[in-house]
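The structure under discussion appears below in the form of structure tokens.
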Amino acid sequence: MNRLVKLEWLKIRSNATFWVLVGLHVGIVLLVVLSGNIFISSLSIDGNSLKNLADTTNIPIYQFPDIWHNITYVAGFLKFILAIYMIISITNEVTFDTLRQNIMNGLTRVDFIISKLVLILMLAAGSTLFIFVTGFTVGLINTDHPGLHEMITYSGFIPAYFLQLFTYLIFAFLIGLLIKRTGLAMGLMFLYTLIIEPIIALRLNADVVKGLLPMRSINNLIHMPFGTYLLREIQDYVSFREIVIVLIYTALFIFLIYILLKNRDLK
Amino acid sequence: MPILKYENLNNVVTTHLLTKHYGRIKAVDELTFSIPEKSIFGLLGPNGSGKTTTLAILLDVVRPTSGSYSWFGNYSKRENRQKIGSILETPSFYPYLTATDNLKIIAEIKAIGYENINEVLKITGIFDRRHSTYRTYSLGMKQRLALAAALLCDPPVMILDEPTNGLDPRGIAEIRNLIRTIALQGKTIILASHLLDEVQKVCSHFAVLNKGRLLYSGLVNEVAGNEQRIEISCGNMDQLYNVLGNYPDKRDLEISGDKVIITLPADSPIAQLSSFIYQHGIIPTHLVSLYRSLETQFLDILNESK
């Protein structure tokens, strides 16, 4: 296991693409998180800007405990940046024939899958830690006399963010392995996430069934938080049922990756 | 080069009815063969005869349709591949990494340390460029890095598929010498090539594949058979021809261009022939022993199979 971690680290250590995308992820997350005021001014009720209806300076988007829900929800939109790297990592192994060479040198196909899962784990854990530190710092700065209770409430969204990212990156792994070509794989990933699945969702009537679609269920781990500021009811917890659905997808994706690689001729 | 006999040795790999179909095409068709330990085994065949596919199956990269193989009597376990240094067709490395980093990755996969890295880079002559990224390498340097990678774990078995592809004549000679040197260390080398000359110069054993079938398998030295041919020329060719006509060991005599070719039993000493010529007052200007080339043999085997 240690060997596989080292192996993956050697592969990414001097890879410019990796560091550029990680930097982009960090930069864009910070940018978006710190533009909350712009976002608030865009909120409106029935066409009337919220700013005209109430004093928006007191909306606690940056305060404990709301910060956890808000930051993980927003960061969830940016998981595609890391998914792009994941696809590049997989399609490169295929196009450079290094996957084949790895196997010839004595890696098993299962080892290869585990080494990439290790990469996914590192990416997801790293990003989660970054979100946690950012959220905690922002929360501390903006909350007057935060109590422990306030800090902990809603912090369950942090592991939910981890699971969301982890599963989405495994989805990217699967797409990369299936399509083999970098551009095509990225195109398909975006096409599916942004167009194909939403269209399927539109044609399904019951919300229960919609919630079973893979992208929808991954996103459902963290429901939209901002309705609360418009005095609407929101789901401010991570539901057990939704976690189970996502875990089933995680297992399914890994299983498909295994089947795909097990029978493939790497020539 | 040590020439070793089949029967005294263990086999590093044996296959049993190994078969690979791509749709209707039989790339490998019921191959059963074994490769003796410490041999330099040449795998010959025209392009598309199934050489690379066979090696790819033995390296677990391609799944056989049916049949089986076993390395070191140990089937297809991963540990076997960790003990094999291999090049299959083109060199494959991470283009954005340096030679050293690429070799570190291989060392991790083979579960060995980094101690050998500098040494194999020196042996293959790319040590000075070890900190350049792979993408800046010429084809020759890429081949050398591939060879360095194959040597990295000091493997008892090496599989080299067209290892001199893309090299200049000097590089080819260097790689051949390297292969011979490695073989002297008691390693088994499996060399796939369509360059017959290469196999004849380097190998002890060879096998011929065509359309996925095994046509022949034997020792390279046996190719010469029980005869030897010697090419001679001198100032007075008529006299030479007449004199050689009376040579006791003569089996056949022919004129080829401005030279005479005499066929003798394999054990007839050439010294005896040349002193015989001198005794008749002829000074040869040219006297060369002609081996029956692998090429002739190879073409015969291919023709017989039709």
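If you're wondering about the labels, chains in the structure tokens are A, B, ... by order shown, residues count from 1 in each chain, ligands from 1 in order shown.
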
Can you tell me which residues surround stretch 152-158 of chain B at a distance of at most 6 Å, considering only C-alpha atoms, apart from same-chain residues fewer than 2 positions away, and format the answer as an MDAnalysis selection string? chainID B and resid 83:86 149:150 187:189

Output for the residues just chosen: all heavy atoms as a short mmCIF file (atom, residue, chain, number, x, y, z; two decimals), in the first residue's frame:
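And here is the file that came out, result_32.cif:
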data_model
loop_
_atom_site.label_atom_id
_atom_site.label_comp_id
_atom_site.auth_asym_id
_atom_site.auth_seq_id
_atom_site.Cartn_x
_atom_site.Cartn_y
_atom_site.Cartn_z
N LYS B 83 10.39 -10.01 -11.82
CA LYS B 83 11.73 -10.53 -12.07
C LYS B 83 12.10 -10.50 -13.56
O LYS B 83 13.12 -11.05 -13.95
CB LYS B 83 11.82 -11.98 -11.56
CG LYS B 83 11.87 -12.07 -10.03
CD LYS B 83 12.27 -13.46 -9.59
CE LYS B 83 11.09 -14.41 -9.69
NZ LYS B 83 11.42 -15.77 -9.28
N ILE B 84 11.23 -9.93 -14.38
CA ILE B 84 11.49 -9.90 -15.82
C ILE B 84 11.68 -8.45 -16.26
O ILE B 84 10.89 -7.58 -15.91
CB ILE B 84 10.30 -10.52 -16.60
CG1 ILE B 84 10.11 -11.98 -16.15
CG2 ILE B 84 10.55 -10.44 -18.09
CD1 ILE B 84 8.83 -12.59 -16.66
N GLY B 85 12.75 -8.21 -16.99
CA GLY B 85 12.92 -6.89 -17.59
C GLY B 85 12.41 -6.95 -19.01
O GLY B 85 12.79 -7.84 -19.76
N SER B 86 11.51 -6.03 -19.40
CA SER B 86 10.90 -6.21 -20.72
C SER B 86 10.72 -4.92 -21.50
O SER B 86 10.45 -3.87 -20.95
CB SER B 86 9.56 -6.92 -20.56
OG SER B 86 8.79 -6.27 -19.58
N ALA B 149 15.73 0.45 -18.31
CA ALA B 149 14.60 0.06 -17.47
C ALA B 149 14.52 -1.46 -17.36
O ALA B 149 14.24 -2.01 -16.29
CB ALA B 149 13.30 0.62 -18.05
N ALA B 150 14.78 -2.13 -18.48
CA ALA B 150 14.71 -3.59 -18.48
C ALA B 150 15.82 -4.19 -17.62
O ALA B 150 15.66 -5.24 -17.02
CB ALA B 150 14.78 -4.13 -19.90
N LYS B 187 22.04 -14.64 -17.80
CA LYS B 187 20.63 -14.29 -17.91
C LYS B 187 20.01 -14.97 -19.13
O LYS B 187 20.71 -15.28 -20.08
CB LYS B 187 20.48 -12.79 -18.07
CG LYS B 187 20.87 -11.99 -16.85
CD LYS B 187 20.54 -10.54 -17.07
CE LYS B 187 21.23 -9.62 -16.12
NZ LYS B 187 20.99 -9.89 -14.71
N THR B 188 18.72 -15.16 -19.06
CA THR B 188 17.99 -15.65 -20.22
C THR B 188 17.47 -14.44 -20.98
O THR B 188 16.90 -13.53 -20.38
CB THR B 188 16.80 -16.51 -19.77
OG1 THR B 188 17.27 -17.47 -18.85
CG2 THR B 188 16.15 -17.19 -20.95
N ILE B 189 17.67 -14.42 -22.28
CA ILE B 189 17.18 -13.29 -23.07
C ILE B 189 16.26 -13.81 -24.15
O ILE B 189 16.60 -14.72 -24.90
CB ILE B 189 18.35 -12.51 -23.69
CG1 ILE B 189 19.25 -11.97 -22.57
CG2 ILE B 189 17.85 -11.38 -24.57
CD1 ILE B 189 20.42 -11.18 -23.06
#

Spatial neighbours of B:Glu115, max dist 12 Å, only C-alpha atoms, sep filter under 4 positions, as a ChimeraX atom specification: /B:100,103-104,107,119-121,152-154

Residues of chain A were defined as contacting chain B if any atom lay at most 8 Å from it, counting only C-alpha atoms; please report them as a list of chain:residue names. A:Arg3, A:Leu4, A:Lys6, A:Leu7, A:Leu10, A:Lys11, A:Ser14, A:Asn15, A:Phe96, A:Asp97, A:Thr98, A:Arg100, A:Gln101, A:Asn102, A:Ile103, A:Met104, A:Asn105, A:Gly106, A:Leu107, A:Thr108, A:Asn263, A:Arg264, A:Asp265, A:Leu266, A:Lys267

Just the selected residues (N, CA, C and O atoms), exported as an mmCIF file, in the first residue's frame, please.
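Ended up saving to selection.cif:
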data_model
loop_
_atom_site.group_PDB
_atom_site.id
_atom_site.type_symbol
_atom_site.label_atom_id
_atom_site.label_comp_id
_atom_site.auth_asym_id
_atom_site.auth_seq_id
_atom_site.Cartn_x
_atom_site.Cartn_y
_atom_site.Cartn_z
ATOM 1 N N ARG A 3 3.831 1.421 -1.002
ATOM 2 C CA ARG A 3 4.482 1.407 -2.303
ATOM 3 C C ARG A 3 3.607 2.118 -3.352
ATOM 4 O O ARG A 3 4.087 2.883 -4.170
ATOM 5 N N LEU A 4 2.288 1.846 -3.298
ATOM 6 C CA LEU A 4 1.376 2.427 -4.285
ATOM 7 C C LEU A 4 1.229 3.931 -4.067
ATOM 8 O O LEU A 4 1.080 4.690 -5.022
ATOM 9 N N LYS A 6 3.595 5.865 -2.870
ATOM 10 C CA LYS A 6 4.858 6.411 -3.361
ATOM 11 C C LYS A 6 4.858 6.469 -4.889
ATOM 12 O O LYS A 6 5.309 7.439 -5.499
ATOM 13 N N LEU A 7 4.344 5.398 -5.484
ATOM 14 C CA LEU A 7 4.272 5.304 -6.942
ATOM 15 C C LEU A 7 3.481 6.477 -7.508
ATOM 16 O O LEU A 7 3.921 7.167 -8.431
ATOM 17 N N LEU A 10 5.283 9.825 -7.117
ATOM 18 C CA LEU A 10 6.328 10.023 -8.125
ATOM 19 C C LEU A 10 5.735 10.489 -9.448
ATOM 20 O O LEU A 10 6.315 11.293 -10.166
ATOM 21 N N LYS A 11 4.537 9.958 -9.763
ATOM 22 C CA LYS A 11 3.905 10.311 -11.042
ATOM 23 C C LYS A 11 3.425 11.760 -11.062
ATOM 24 O O LYS A 11 3.418 12.396 -12.111
ATOM 25 N N SER A 14 6.349 15.934 -10.248
ATOM 26 C CA SER A 14 6.843 16.968 -11.167
ATOM 27 C C SER A 14 5.945 17.126 -12.383
ATOM 28 O O SER A 14 6.407 17.448 -13.471
ATOM 29 N N ASN A 15 4.658 16.878 -12.192
ATOM 30 C CA ASN A 15 3.722 17.040 -13.298
ATOM 31 C C ASN A 15 3.082 18.436 -13.231
ATOM 32 O O ASN A 15 2.284 18.724 -12.340
ATOM 33 N N PHE A 96 0.040 7.054 -23.222
ATOM 34 C CA PHE A 96 1.507 6.901 -23.140
ATOM 35 C C PHE A 96 1.911 5.432 -23.073
ATOM 36 O O PHE A 96 3.095 5.121 -23.028
ATOM 37 N N ASP A 97 0.940 4.503 -23.015
ATOM 38 C CA ASP A 97 1.220 3.081 -22.842
ATOM 39 C C ASP A 97 1.909 2.774 -21.522
ATOM 40 O O ASP A 97 2.507 1.721 -21.358
ATOM 41 N N THR A 98 1.855 3.719 -20.583
ATOM 42 C CA THR A 98 2.540 3.477 -19.317
ATOM 43 C C THR A 98 1.730 2.512 -18.441
ATOM 44 O O THR A 98 2.315 1.802 -17.636
ATOM 45 N N ARG A 100 0.273 -0.116 -19.624
ATOM 46 C CA ARG A 100 0.769 -1.400 -20.113
ATOM 47 C C ARG A 100 2.155 -1.695 -19.533
ATOM 48 O O ARG A 100 2.423 -2.785 -19.053
ATOM 49 N N GLN A 101 3.022 -0.676 -19.576
ATOM 50 C CA GLN A 101 4.383 -0.877 -19.084
ATOM 51 C C GLN A 101 4.385 -1.170 -17.579
ATOM 52 O O GLN A 101 5.147 -2.000 -17.110
ATOM 53 N N ASN A 102 3.510 -0.489 -16.837
ATOM 54 C CA ASN A 102 3.367 -0.748 -15.394
ATOM 55 C C ASN A 102 3.029 -2.223 -15.144
ATOM 56 O O ASN A 102 3.605 -2.861 -14.274
ATOM 57 N N ILE A 103 2.088 -2.747 -15.932
ATOM 58 C CA ILE A 103 1.658 -4.143 -15.762
ATOM 59 C C ILE A 103 2.821 -5.071 -16.115
ATOM 60 O O ILE A 103 3.123 -6.016 -15.378
ATOM 61 N N MET A 104 3.508 -4.774 -17.250
ATOM 62 C CA MET A 104 4.639 -5.607 -17.656
ATOM 63 C C MET A 104 5.701 -5.649 -16.562
ATOM 64 O O MET A 104 6.342 -6.676 -16.348
ATOM 65 N N ASN A 105 5.885 -4.532 -15.882
ATOM 66 C CA ASN A 105 6.926 -4.463 -14.865
ATOM 67 C C ASN A 105 6.534 -5.141 -13.562
ATOM 68 O O ASN A 105 7.356 -5.268 -12.666
ATOM 69 N N GLY A 106 5.268 -5.546 -13.446
ATOM 70 C CA GLY A 106 4.907 -6.318 -12.273
ATOM 71 C C GLY A 106 3.778 -5.742 -11.432
ATOM 72 O O GLY A 106 3.487 -6.256 -10.355
ATOM 73 N N LEU A 107 3.133 -4.661 -11.907
ATOM 74 C CA LEU A 107 1.958 -4.163 -11.201
ATOM 75 C C LEU A 107 0.779 -5.047 -11.621
ATOM 76 O O LEU A 107 0.722 -5.479 -12.767
ATOM 77 N N THR A 108 -0.152 -5.333 -10.710
ATOM 78 C CA THR A 108 -1.347 -6.034 -11.166
ATOM 79 C C THR A 108 -2.394 -4.993 -11.534
ATOM 80 O O THR A 108 -2.272 -3.828 -11.168
ATOM 81 N N ASN A 263 -10.596 -7.291 -18.186
ATOM 82 C CA ASN A 263 -10.693 -8.010 -19.446
ATOM 83 C C ASN A 263 -10.056 -7.280 -20.618
ATOM 84 O O ASN A 263 -10.114 -7.747 -21.741
ATOM 85 N N ARG A 264 -9.458 -6.127 -20.346
ATOM 86 C CA ARG A 264 -8.955 -5.353 -21.475
ATOM 87 C C ARG A 264 -7.566 -5.822 -21.916
ATOM 88 O O ARG A 264 -6.710 -6.099 -21.096
ATOM 89 N N ASP A 265 -7.370 -5.911 -23.250
ATOM 90 C CA ASP A 265 -6.039 -6.157 -23.797
ATOM 91 C C ASP A 265 -5.340 -4.813 -23.919
ATOM 92 O O ASP A 265 -5.808 -3.921 -24.617
ATOM 93 N N LEU A 266 -4.209 -4.677 -23.255
ATOM 94 C CA LEU A 266 -3.528 -3.387 -23.222
ATOM 95 C C LEU A 266 -2.513 -3.304 -24.357
ATOM 96 O O LEU A 266 -1.326 -3.179 -24.143
ATOM 97 N N LYS A 267 -3.006 -3.392 -25.570
ATOM 98 C CA LYS A 267 -2.054 -3.387 -26.678
ATOM 99 C C LYS A 267 -2.446 -2.385 -27.724
ATOM 100 O O LYS A 267 -3.591 -2.174 -27.975
#

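Residue neighbourhood of B:Ile255, excluding near-sequence residues (fewer than 6 positions): Tyr241, Ile261 and Ile262 of chain B, at 9 Å, using only C-alpha atoms.
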
Output file for the residues above (N, CA, C and O atoms, as a PDB file, in the first residue's frame):
ATOM      1  N   TYR B 241      40.389 -24.195 -59.778  1.00  0.00           N
ATOM      2  CA  TYR B 241      39.223 -25.062 -59.965  1.00  0.00           C
ATOM      3  C   TYR B 241      39.660 -26.511 -60.160  1.00  0.00           C
ATOM      4  O   TYR B 241      39.116 -27.432 -59.548  1.00  0.00           O
ATOM      5  N   ILE B 261      33.373 -21.863 -54.935  1.00  0.00           N
ATOM      6  CA  ILE B 261      32.832 -22.257 -53.629  1.00  0.00           C
ATOM      7  C   ILE B 261      32.913 -23.773 -53.505  1.00  0.00           C
ATOM      8  O   ILE B 261      32.383 -24.512 -54.342  1.00  0.00           O
ATOM      9  N   ILE B 262      33.611 -24.217 -52.473  1.00  0.00           N
ATOM     10  CA  ILE B 262      33.756 -25.652 -52.250  1.00  0.00           C
ATOM     11  C   ILE B 262      32.951 -26.045 -51.014  1.00  0.00           C
ATOM     12  O   ILE B 262      32.937 -25.323 -50.014  1.00  0.00           O
TER      13      ILE B 262
END

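Nearest-residue note for B:Leu302: choosing from B:Leu44, B:Leu240, B:Ile282, B:Ala183, the minimum distance belongs to B:Leu44, counting only C-alpha atoms.
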
At a cut-off of 9 Å, using only C-alpha atoms, what residues contact stretch 78-92 of chain A? Leave out same-chain residues fewer than 3 positions from it and give the result as a PyMOL selection string. (chain A and resi 12+17-18+21-22+24-25+28-29+74-75+95-99+116+119-120+123-124+164-165+168-177+179-183+185-186+189-190) or (chain B and resi 94)

Export of prior selection with C-alpha atoms as a PDB file, in the first residue's frame:
ATOM      1  CA  ILE A  12       2.406  13.643  -9.934  1.00  0.00           C
ATOM      2  CA  THR A  17      -0.635  19.859 -15.165  1.00  0.00           C
ATOM      3  CA  PHE A  18      -1.314  18.503 -11.695  1.00  0.00           C
ATOM      4  CA  LEU A  21      -5.101  22.330 -11.732  1.00  0.00           C
ATOM      5  CA  VAL A  22      -4.665  22.062  -7.972  1.00  0.00           C
ATOM      6  CA  LEU A  24      -6.739  26.619 -10.024  1.00  0.00           C
ATOM      7  CA  HIS A  25      -8.979  24.657  -7.691  1.00  0.00           C
ATOM      8  CA  ILE A  28     -11.223  29.581  -7.731  1.00  0.00           C
ATOM      9  CA  VAL A  29     -12.666  28.187  -4.500  1.00  0.00           C
ATOM     10  CA  VAL A  74     -20.339  26.289  -3.287  1.00  0.00           C
ATOM     11  CA  ALA A  75     -17.129  24.241  -3.414  1.00  0.00           C
ATOM     12  CA  THR A  95      -2.098   6.954 -24.391  1.00  0.00           C
ATOM     13  CA  PHE A  96       1.507   6.901 -23.140  1.00  0.00           C
ATOM     14  CA  ASP A  97       1.220   3.081 -22.842  1.00  0.00           C
ATOM     15  CA  THR A  98       2.540   3.477 -19.317  1.00  0.00           C
ATOM     16  CA  LEU A  99      -0.394   1.487 -17.935  1.00  0.00           C
ATOM     17  CA  LYS A 116      -5.494   5.583  -8.646  1.00  0.00           C
ATOM     18  CA  LEU A 119      -4.700   9.469  -5.792  1.00  0.00           C
ATOM     19  CA  ILE A 120      -8.446  10.141  -5.589  1.00  0.00           C
ATOM     20  CA  LEU A 123      -7.195  14.746  -3.852  1.00  0.00           C
ATOM     21  CA  ALA A 124     -10.502  14.459  -2.008  1.00  0.00           C
ATOM     22  CA  GLN A 164     -19.194  13.977  -2.906  1.00  0.00           C
ATOM     23  CA  LEU A 165     -15.741  14.706  -4.309  1.00  0.00           C
ATOM     24  CA  TYR A 168     -17.266  12.221  -8.500  1.00  0.00           C
ATOM     25  CA  LEU A 169     -13.532  11.622  -9.040  1.00  0.00           C
ATOM     26  CA  ILE A 170     -14.152   7.880  -9.265  1.00  0.00           C
ATOM     27  CA  PHE A 171     -16.779   8.690 -11.889  1.00  0.00           C
ATOM     28  CA  ALA A 172     -14.071  10.654 -13.758  1.00  0.00           C
ATOM     29  CA  PHE A 173     -11.736   7.644 -13.437  1.00  0.00           C
ATOM     30  CA  LEU A 174     -14.395   5.423 -15.003  1.00  0.00           C
ATOM     31  CA  ILE A 175     -15.054   7.855 -17.871  1.00  0.00           C
ATOM     32  CA  GLY A 176     -11.321   8.237 -18.539  1.00  0.00           C
ATOM     33  CA  LEU A 177     -10.794   4.483 -18.650  1.00  0.00           C
ATOM     34  CA  ILE A 179     -13.141   6.738 -23.399  1.00  0.00           C
ATOM     35  CA  LYS A 180      -9.303   6.638 -23.321  1.00  0.00           C
ATOM     36  CA  ARG A 181      -8.915   9.989 -25.101  1.00  0.00           C
ATOM     37  CA  THR A 182      -8.471  13.051 -22.929  1.00  0.00           C
ATOM     38  CA  GLY A 183     -10.578  15.580 -24.828  1.00  0.00           C
ATOM     39  CA  ALA A 185     -13.517  11.918 -22.059  1.00  0.00           C
ATOM     40  CA  MET A 186     -13.745  15.456 -20.638  1.00  0.00           C
ATOM     41  CA  MET A 189     -18.099  14.004 -18.561  1.00  0.00           C
ATOM     42  CA  PHE A 190     -19.420  17.567 -18.935  1.00  0.00           C
TER      43      PHE A 190
ATOM     44  CA  TYR B  94       6.027   9.386 -18.669  1.00  0.00           C
TER      45      TYR B  94
END

So which residues touch B:Lys211 within 9 Å, counting only C-alpha atoms, skipping near sequence neighbours fewer than 5 positions away, as a list in words? Lys26, Ala27, Val28, Asp29, Gly45, Pro46, Gly48, Ser49 and Gly50 of chain B

Run DSSP on the backbone and give me the residues of stretch 67-225 of chain A it puts in alpha helix (DSSP H), as an MDAnalysis selection string. chainID A and resid 67:76 79:95 98:104 109:142 148:152 157:179 182:190 197:203 207:210 214:219

Hey, what's within 7 Å of stretch 241-249 of chain A if we count only C-alpha atoms and toss same-chain stuff fewer than 6 positions away? As a ChimeraX atom specification, please? /A:214,217-218,220-221

Hey, which of B:Thr15, B:Asn303, B:Ser76, B:Asn177 ends up closest to B:Cys203? Count only C-alpha atoms. B:Asn177

Residues at most 10 Å from B:Ala207, counting only C-alpha atoms, excluding those fewer than 6 positions away in the same chain, as number ranges by chain? B: 33, 35, 41-45, 192, 214-220, 298

Given only C-alpha atoms as the counted atoms, nearest of A:Ile234, A:Ile254, A:Ile195, A:Met224 to A:Thr167: A:Ile254
